[in-house]
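The structure file run_39.cif is reproduced below (mmCIF, C-alpha atoms).
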data_work
loop_
_atom_site.label_atom_id
_atom_site.label_comp_id
_atom_site.auth_asym_id
_atom_site.auth_seq_id
_atom_site.Cartn_x
_atom_site.Cartn_y
_atom_site.Cartn_z
CA MET A 11 4.12 31.24 -35.99
CA LYS A 12 3.64 30.03 -39.55
CA ALA A 13 1.52 27.03 -40.44
CA SER A 14 4.63 25.47 -42.03
CA ASP A 15 6.26 25.46 -38.56
CA LEU A 16 3.55 23.12 -37.27
CA LEU A 17 3.38 19.35 -37.75
CA PRO A 18 0.30 17.13 -37.64
CA ILE A 19 0.45 14.43 -34.99
CA GLY A 20 0.87 11.68 -37.61
CA ILE A 21 4.02 13.27 -39.03
CA LEU A 22 5.37 13.89 -35.54
CA ALA A 23 4.74 10.22 -34.77
CA ARG A 24 6.59 9.12 -37.92
CA ARG A 25 9.53 11.43 -37.22
CA THR A 26 9.93 10.28 -33.60
CA GLY A 27 8.96 6.62 -33.93
CA LEU A 28 6.26 7.06 -31.30
CA SER A 29 2.62 6.16 -31.62
CA THR A 30 0.08 8.97 -31.77
CA SER A 31 -1.38 7.67 -28.49
CA ALA A 32 2.03 8.03 -26.82
CA ILE A 33 2.29 11.61 -28.08
CA ARG A 34 -1.20 12.36 -26.73
CA PHE A 35 -0.18 10.77 -23.41
CA TYR A 36 2.85 13.07 -23.13
CA GLU A 37 0.65 15.99 -24.07
CA ASP A 38 -1.86 15.03 -21.35
CA LYS A 39 1.03 14.92 -18.86
CA GLY A 40 2.00 18.46 -19.86
CA LEU A 41 5.34 17.50 -21.43
CA LEU A 42 4.43 19.14 -24.73
CA LYS A 43 1.67 21.33 -26.01
CA SER A 44 -0.33 21.12 -29.19
CA HIS A 45 -1.86 23.96 -31.12
CA ARG A 46 -5.35 23.37 -32.49
CA THR A 47 -6.56 24.08 -35.99
CA GLY A 48 -10.00 25.46 -36.76
CA GLY A 49 -11.09 21.82 -37.15
CA ASN A 50 -9.64 21.01 -33.69
CA GLN A 51 -6.76 18.94 -35.08
CA ARG A 52 -3.52 18.82 -33.13
CA ARG A 53 -0.46 20.55 -34.54
CA PHE A 54 2.95 20.49 -32.91
CA LEU A 55 6.05 22.62 -33.22
CA ARG A 56 9.01 21.15 -35.12
CA SER A 57 11.03 21.55 -31.93
CA ASP A 58 8.73 18.97 -30.32
CA ILE A 59 10.68 16.31 -32.24
CA ARG A 60 13.63 17.07 -29.97
CA ARG A 61 11.43 17.39 -26.90
CA LEU A 62 10.03 13.91 -27.50
CA SER A 63 13.52 12.54 -28.14
CA PHE A 64 14.62 14.07 -24.85
CA ILE A 65 11.64 12.50 -23.06
CA LEU A 66 12.54 9.04 -24.36
CA ILE A 67 16.22 9.39 -23.45
CA ALA A 68 15.41 10.81 -20.01
CA GLN A 69 13.06 7.91 -19.30
CA LYS A 70 15.79 5.43 -20.24
CA LEU A 71 18.08 7.25 -17.80
CA GLY A 72 15.52 6.64 -15.05
CA LEU A 73 13.97 10.09 -14.72
CA THR A 74 10.31 10.22 -13.74
CA LEU A 75 7.77 12.08 -15.84
CA GLU A 76 7.65 14.74 -13.12
CA GLU A 77 11.42 15.24 -13.30
CA ILE A 78 11.27 15.37 -17.09
CA ALA A 79 8.50 17.98 -16.90
CA GLU A 80 10.65 20.11 -14.56
CA HIS A 81 13.52 20.05 -17.05
CA LEU A 82 11.30 20.75 -20.04
CA ALA A 83 9.72 23.69 -18.23
CA ARG A 84 13.13 25.38 -18.39
CA LEU A 85 13.14 25.28 -22.18
CA PRO A 86 11.79 28.19 -24.19
CA GLU A 87 8.37 27.74 -25.74
CA GLY A 88 7.97 28.78 -29.33
CA ARG A 89 11.61 28.58 -30.30
CA THR A 90 13.89 25.66 -30.89
CA PRO A 91 16.06 25.10 -27.84
CA THR A 92 19.71 25.99 -28.35
CA SER A 93 22.64 23.75 -27.53
CA PHE A 94 23.15 25.88 -24.40
CA ASP A 95 19.55 25.19 -23.31
CA TRP A 96 20.17 21.45 -23.62
CA TRP A 97 23.58 21.72 -21.95
CA LYS A 98 22.02 23.26 -18.82
CA ILE A 99 19.60 20.35 -18.60
CA SER A 100 22.29 17.74 -19.23
CA GLU A 101 24.38 19.20 -16.40
CA ALA A 102 21.53 18.72 -13.94
CA ILE A 103 20.90 15.19 -15.17
CA ARG A 104 24.62 14.36 -15.10
CA ASP A 105 24.77 15.22 -11.38
CA ARG A 106 21.80 12.96 -10.71
CA LEU A 107 23.35 10.13 -12.74
CA ASP A 108 26.68 10.46 -10.94
CA ARG A 109 24.91 10.07 -7.59
CA ARG A 110 22.97 7.07 -8.89
CA ILE A 111 26.13 5.45 -10.28
CA ALA A 112 27.83 5.83 -6.88
CA GLN A 113 24.80 4.22 -5.18
CA LEU A 114 24.80 1.32 -7.65
CA GLN A 115 28.53 0.75 -7.23
CA ALA A 116 28.14 0.68 -3.45
CA MET A 117 25.26 -1.78 -3.78
CA ARG A 118 27.33 -3.98 -6.11
CA ASP A 119 30.31 -3.95 -3.75
CA ASN A 120 28.13 -4.75 -0.73
CA LEU A 121 26.34 -7.49 -2.66
CA ASP A 122 29.64 -9.28 -3.17
CA GLY A 123 30.17 -9.20 0.60
CA CYS A 124 26.67 -10.46 1.32
CA ILE A 125 26.92 -13.37 -1.08
CA GLY A 126 30.23 -14.38 0.51
CA CYS A 127 28.92 -13.97 4.05
CA GLY A 128 26.02 -16.36 3.72
CA CYS A 129 24.18 -15.17 6.84
CA LEU A 130 21.00 -14.51 4.82
CA SER A 131 19.66 -12.37 7.64
CA LEU A 132 19.29 -8.62 7.73
CA LYS A 133 18.63 -8.97 11.46
CA HIS A 134 22.12 -10.32 12.10
CA CYS A 135 23.97 -8.94 9.09
CA ARG A 136 27.10 -7.05 10.13
CA LEU A 137 27.35 -5.37 6.71
CA TYR A 138 23.85 -3.95 6.20
CA ASN A 139 22.39 -3.98 9.67
CA PRO A 140 24.95 -4.15 12.47
CA ASP A 141 23.32 -4.67 15.88
CA ASP A 142 19.88 -4.65 14.20
CA LYS A 143 19.83 -0.83 14.05
CA ALA A 144 17.27 -0.90 11.21
CA GLY A 145 14.82 -2.76 13.44
CA GLU A 146 14.61 0.31 15.66
CA GLN A 147 13.24 2.31 12.70
CA GLY A 148 10.25 0.02 12.17
CA PRO A 149 9.28 -2.82 9.85
CA GLY A 150 10.20 -3.28 6.21
CA PRO A 151 13.34 -3.40 4.10
CA ARG A 152 14.60 0.01 5.23
CA VAL A 153 18.29 -0.49 4.50
CA LEU A 154 17.81 -1.79 1.00
CA ARG A 155 15.11 0.79 0.22
CA GLU A 156 17.52 3.60 1.09
CA MET A 157 20.07 2.24 -1.39
CA ALA A 158 17.64 1.98 -4.29
#

Rewritten as structure tokens:
Amino acid sequence: MKASDLLPIGILARRTGLSTSAIRFYEDKGLLKSHRTGGNQRRFLRSDIRRLSFILIAQKLGLTLEEIAEHLARLPEGRTPTSFDWWKISEAIRDRLDRRIAQLQAMRDNLDGCIGCGCLSLKHCRLYNPDDKAGEQGPGPRVLREMA
């Protein structure tokens, strides 16, 4: 690896629009890795620009840092990921998003029914909790938690 392939943290911050503290945070979480100079300064690969962009997009899509780390672990270290590398990740995320979209649509459709019903009671609600089945599972908003 040539020194010209490495970027100081300040340049990486400028290129990504992130603060240096955010970059250090992602590094601490293991989402990217710095290389140290003889003076212990951080240097990052140019490909980390895309890694950081991916992190930001994935967070907006609702992925946790742990999920993001799992996806990034599949990328090659030391070389810029190819379009095929990114495609494999996007396929996995697309499946997750499709499931989430279906859940949100079901919640939206059931919400319309609840607003129209007016019972305001999960104990008696025929839509979410017929015959108080959720009460048998213990306390708390079990039905709504499962949908989220």

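Compared by their closest atoms to Ser93 (chain A), and using only C-alpha atoms, the residues A:Asp15, A:Tyr36, A:Arg60, A:Gln147 rank with A:Arg60 nearest.
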
Checklist entry - Using all atoms listed in the file, can you list as number ranges by chain the residues within 12 Å of (6.8, 13.4, -22.2)? => result A: 28, 31-43, 58-69, 73-83

Item to check | Picked residues, the PyMOL selection byres ((chain A and resi 95) around 12), as a ChimeraX atom specification | outcome: /A:61,81-87,89-94,96-102

Item to check | Given all atoms listed in the file as the counted atoms, nearest of A:Ala116, A:Leu121, A:Leu16, A:Ile103 to Arg52 (chain A) | outcome: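 Nearest candidate to Arg52 (chain A) out of A:Ala116, A:Leu121, A:Leu16, A:Ile103: A:Leu16.
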
Item to check | Two-atom distance - CA of Leu22 (chain A), CA of Arg56 (chain A) (Å) | outcome: 8.1 Å

Checklist entry - If you measure from CA of Arg25 (chain A) to CA of Asn50 (chain A), what distance in Å do you get, rounded to one decimal? => result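 For CA of Arg25 (chain A) relative to CA of Asn50 (chain A), the distance reads 21.7 Å.
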
Next on the checklist: As an exercise, work out the distance from CA of Ser57 (chain A) to CA of Arg104 (chain A) in Å and give it to one decimal place.
Outcome noted: 22.8 Å
